[in-house]
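First up is the structure itself, then whatever we jot down about it.
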Amino acid sequence: MGCKVKYSKKGLMTVRKSLLLKGLVLMIFTLSCVFNSGCSVIRDKPAKEDLSLVLAGITGSDGVTFKGSTMLTKGGKTVPESMIFYEGTVQDHKKVNLYTLLPDKSSATKKSANSAKDLKSSITSMKAFHSQLEKKEGEWVALTTEGSSEDGNPLALLNPLKQLEELQSMEANVTEDAGAGRGTNVLRIELTPAEARKQLTAELEKEMQDLRPETPDSAGKITKNDQAVTQALVELWEKKNNELQQKLKQANVETVYHLTVDTKHNLPRKLTLNRKVTYSEAGNESDNETYVSQVNFSGFR
């Protein structure tokens with residue numbers, strides 16, 4: 001004979017309330033994970049897919065403005081010529097204009113006399129550059145305009161669209177940082193050691209090639225003295241290039257990007273880069289470098 005369990009009317013109501021309470025708690029927890037960026041348990045899509053959506057969003061915009069800066073420290077000291085302040089615009093999805101800005105000289109009055117002197121010296125030594133870039137057949141090409149092809153123009157490397165495009169194809173670990181502000185996600189993009197070294201090597205080798213002395217097409221059109229000067233410059237360049245290659249072999253490179261994303265429109269708000277270069281050989285601590293850059297996006301149309 002089976003055993004029957006009897007519930008009183010009061011007992012049934014208690015069980016029902018308990019189930020409803022558990023369901024309500026589960027729903028609140030689910031909603032908090034959806035709306036709180038610090039909770040990464042529930043995601044509509046992987047972080048790497050967010051990166052693709054951001055690139056699609058910015059390339060699909062009719063226009064955007066941006067403002068950025070860069071700085072390099074070596075052995076714990078700032079390299080003055082590495083400080084670049086720039087602005088730019090993106091137009092027609094594939095055209096980028098960039099130009100440098102000089103820092104506010106009034107900030108020198110807030111520093112000590114020596115610091116102000118150093119800042120003034122660094123400001124006056126800065127050149128004003130601009131660059132016009134256009135994407136043609138999948139490649140970013142610098143358009144030749146007055147002042148854009150001067151030696152030492154760094155702006156082509158700071159093209160934010162190119163940076164976002166390269167992040168898509170690079171080997172990297174993409175995760176979502178906790179604690180982003182309302183309506184935003186922050187993607188942490190850490191390049192693999194091999195990819196970080198490859199990126200740095202490509203950038204430095206391009207800079208070295210841009211500095212390579214030009215040799216005259218016809219030796220008969222220059223004097224022997226000019227030939228000697230040119231030969232000396234070429235030999236110096238080759239020496240420095242060999243030194244660069246040796247240092248790259250010893251370098252350990254760590255590169256991390258942070259991309260702040262407007263989740264409503266899938267558009268970038270800010271892109272930062274932190275690259276640390278250390279050397280395995282003892283005694284080279286003074287050569288350790290940290291490169292930092294930041295670019296903020298606004299005015300999407």
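Residue names in the structure tokens use chain letters A, B, ... in the order shown, residue numbers from 1 in each chain, and ligand numbers from 1 in the order shown.
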
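For Ser69 of chain A, the list of residues within 9 Å, based on only C-alpha atoms and with local chain neighbours fewer than 2 positions off taken out, reads Lys67, Met71, Met83, Ile84, Phe85, Tyr86, Glu87, Val292, Ser293, Gln294 and Val295 of chain A.
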
Strand (DSSP E or B) per DSSP on the backbone: members of segment 121-206 of chain A, as a VMD selection string: chain A and resid 130 to 136 139 to 143 172 to 177 184 to 191

Go ahead and dump the residues you just picked, C-alpha atoms, as an mmCIF file, in the first residue's frame.
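New file out01.cif:
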```cif
data_model
loop_
_atom_site.group_PDB
_atom_site.id
_atom_site.type_symbol
_atom_site.label_atom_id
_atom_site.label_comp_id
_atom_site.auth_asym_id
_atom_site.auth_seq_id
_atom_site.Cartn_x
_atom_site.Cartn_y
_atom_site.Cartn_z
ATOM 1 C CA HIS A 130 50.365 67.150 -41.428
ATOM 2 C CA SER A 131 49.502 64.090 -43.437
ATOM 3 C CA GLN A 132 46.723 63.061 -45.824
ATOM 4 C CA LEU A 133 46.065 59.364 -46.217
ATOM 5 C CA GLU A 134 43.688 57.479 -48.474
ATOM 6 C CA LYS A 135 42.869 53.809 -48.662
ATOM 7 C CA LYS A 136 43.393 52.468 -52.169
ATOM 8 C CA GLU A 139 46.308 49.786 -48.599
ATOM 9 C CA TRP A 140 46.696 53.142 -46.863
ATOM 10 C CA VAL A 141 48.631 55.496 -49.141
ATOM 11 C CA ALA A 142 50.118 58.862 -48.155
ATOM 12 C CA LEU A 143 49.070 61.594 -50.561
ATOM 13 C CA ALA A 172 46.064 38.538 -29.663
ATOM 14 C CA ASN A 173 44.089 37.580 -26.577
ATOM 15 C CA VAL A 174 40.937 39.726 -26.478
ATOM 16 C CA THR A 175 39.009 39.945 -23.205
ATOM 17 C CA GLU A 176 36.534 42.328 -21.620
ATOM 18 C CA ASP A 177 37.665 44.413 -18.659
ATOM 19 C CA THR A 184 30.427 51.135 -22.677
ATOM 20 C CA ASN A 185 32.632 48.062 -22.793
ATOM 21 C CA VAL A 186 36.414 48.077 -22.465
ATOM 22 C CA LEU A 187 38.220 45.469 -24.535
ATOM 23 C CA ARG A 188 41.698 44.443 -23.419
ATOM 24 C CA ILE A 189 43.745 43.326 -26.421
ATOM 25 C CA GLU A 190 47.104 41.771 -25.546
ATOM 26 C CA LEU A 191 49.304 40.804 -28.471
#
```

Shell of 10 Å around Leu248 of chain A, only C-alpha atoms, local chain residues under 5 positions omitted, as a PyMOL selection string: chain A and resi 197-198+200-201+204+242-243+253+277+279

Interatomic distance, atom CA of Glu195 of chain A to atom CA of Leu244 of chain A (Å, one decimal): 18.2 Å

Shell of 9 Å around Val261 of chain A, only C-alpha atoms, local chain residues under 3 positions omitted, as number ranges by chain: A: 50-51, 54, 183-187, 264-270

Atom CA of Thr230 of chain A to atom CA of Glu214 of chain A, straight-line distance in Å: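 About the pair atom CA of Glu214 of chain A and atom CA of Thr230 of chain A: they are 8.0 Å apart.
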
Residues near Lys276 of chain A, cut-off 6 Å, only C-alpha atoms, skip fewer than 6 positions along chain, as a PyMOL selection string: chain A and resi 253-254+289-290

Prev. selection, N, CA, C and O atoms, output as a PDB file, in the first residue's frame:
```
ATOM      1  N   VAL A 253      59.111  42.124 -25.775  1.00  0.00           N
ATOM      2  CA  VAL A 253      58.096  43.141 -26.054  1.00  0.00           C
ATOM      3  C   VAL A 253      56.743  42.715 -25.500  1.00  0.00           C
ATOM      4  O   VAL A 253      56.276  41.606 -25.778  1.00  0.00           O
ATOM      5  N   GLU A 254      56.131  43.584 -24.714  1.00  0.00           N
ATOM      6  CA  GLU A 254      54.773  43.368 -24.203  1.00  0.00           C
ATOM      7  C   GLU A 254      53.894  44.519 -24.691  1.00  0.00           C
ATOM      8  O   GLU A 254      54.177  45.678 -24.397  1.00  0.00           O
ATOM      9  N   GLU A 289      62.289  50.594 -22.386  1.00  0.00           N
ATOM     10  CA  GLU A 289      61.410  51.638 -22.915  1.00  0.00           C
ATOM     11  C   GLU A 289      59.942  51.331 -22.642  1.00  0.00           C
ATOM     12  O   GLU A 289      59.542  50.162 -22.598  1.00  0.00           O
ATOM     13  N   THR A 290      59.170  52.381 -22.476  1.00  0.00           N
ATOM     14  CA  THR A 290      57.714  52.263 -22.403  1.00  0.00           C
ATOM     15  C   THR A 290      57.109  53.304 -23.333  1.00  0.00           C
ATOM     16  O   THR A 290      57.367  54.505 -23.195  1.00  0.00           O
TER      17      THR A 290
END
```

d(atom CA of Thr272 of chain A, atom CA of Leu259 of chain A) in Å: 6.6 Å

Per-residue DSSP, segment 65-264 of chain A, filtered to alpha helix (DSSP H), as a ChimeraX atom specification: /A:113-125,160-169,193-211,224-250

Within 8 Å of Ala128 of chain A using only C-alpha atoms, minus same-chain residues under 6 positions, as an mmCIF file with N, CA and C atoms, in the first residue's frame:
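Everything below was put into result-v5.cif:
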```cif
data_model
loop_
_atom_site.group_PDB
_atom_site.id
_atom_site.type_symbol
_atom_site.label_atom_id
_atom_site.label_comp_id
_atom_site.auth_asym_id
_atom_site.auth_seq_id
_atom_site.Cartn_x
_atom_site.Cartn_y
_atom_site.Cartn_z
ATOM 1 N N TYR A 99 47.108 66.209 -38.335
ATOM 2 C CA TYR A 99 48.041 67.307 -38.186
ATOM 3 C C TYR A 99 48.445 67.417 -36.716
ATOM 4 N N THR A 100 49.683 67.841 -36.494
ATOM 5 C CA THR A 100 50.204 67.931 -35.142
ATOM 6 C C THR A 100 49.771 69.224 -34.470
ATOM 7 N N LEU A 101 49.722 69.170 -33.141
ATOM 8 C CA LEU A 101 49.424 70.327 -32.310
ATOM 9 C C LEU A 101 50.592 70.553 -31.364
ATOM 10 N N LEU A 102 50.838 71.793 -30.985
ATOM 11 C CA LEU A 102 51.849 72.088 -29.982
ATOM 12 C C LEU A 102 51.180 72.140 -28.616
#
```

Distance query Tyr291 of chain A at most 6 Å, only C-alpha atoms, self and fewer than 6 positions along chain excluded, as a PyMOL selection string: chain A and resi 71-72+274-275

Limited to C-alpha atoms, could you put the picked residues into a file as a PDB file, in the first residue's frame?
```pdb
ATOM      1  CA  MET A  71      55.014  59.596 -25.311  1.00  0.00           C
ATOM      2  CA  LEU A  72      58.107  57.426 -24.909  1.00  0.00           C
ATOM      3  CA  ASN A 274      50.982  50.536 -23.764  1.00  0.00           C
ATOM      4  CA  ARG A 275      54.147  48.877 -25.067  1.00  0.00           C
TER       5      ARG A 275
END
```

Selected residue, from A:Leu236, A:Leu98, A:Phe300, A:Asn241, that lies nearest to Gly68 of chain A when counting only C-alpha atoms: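 For Gly68 of chain A, the nearest of the candidates is A:Leu98.
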
Counting only C-alpha atoms, the option among A:Leu55, A:Val64, A:Leu157, A:Val90 closest to Ala202 of chain A: A:Leu157
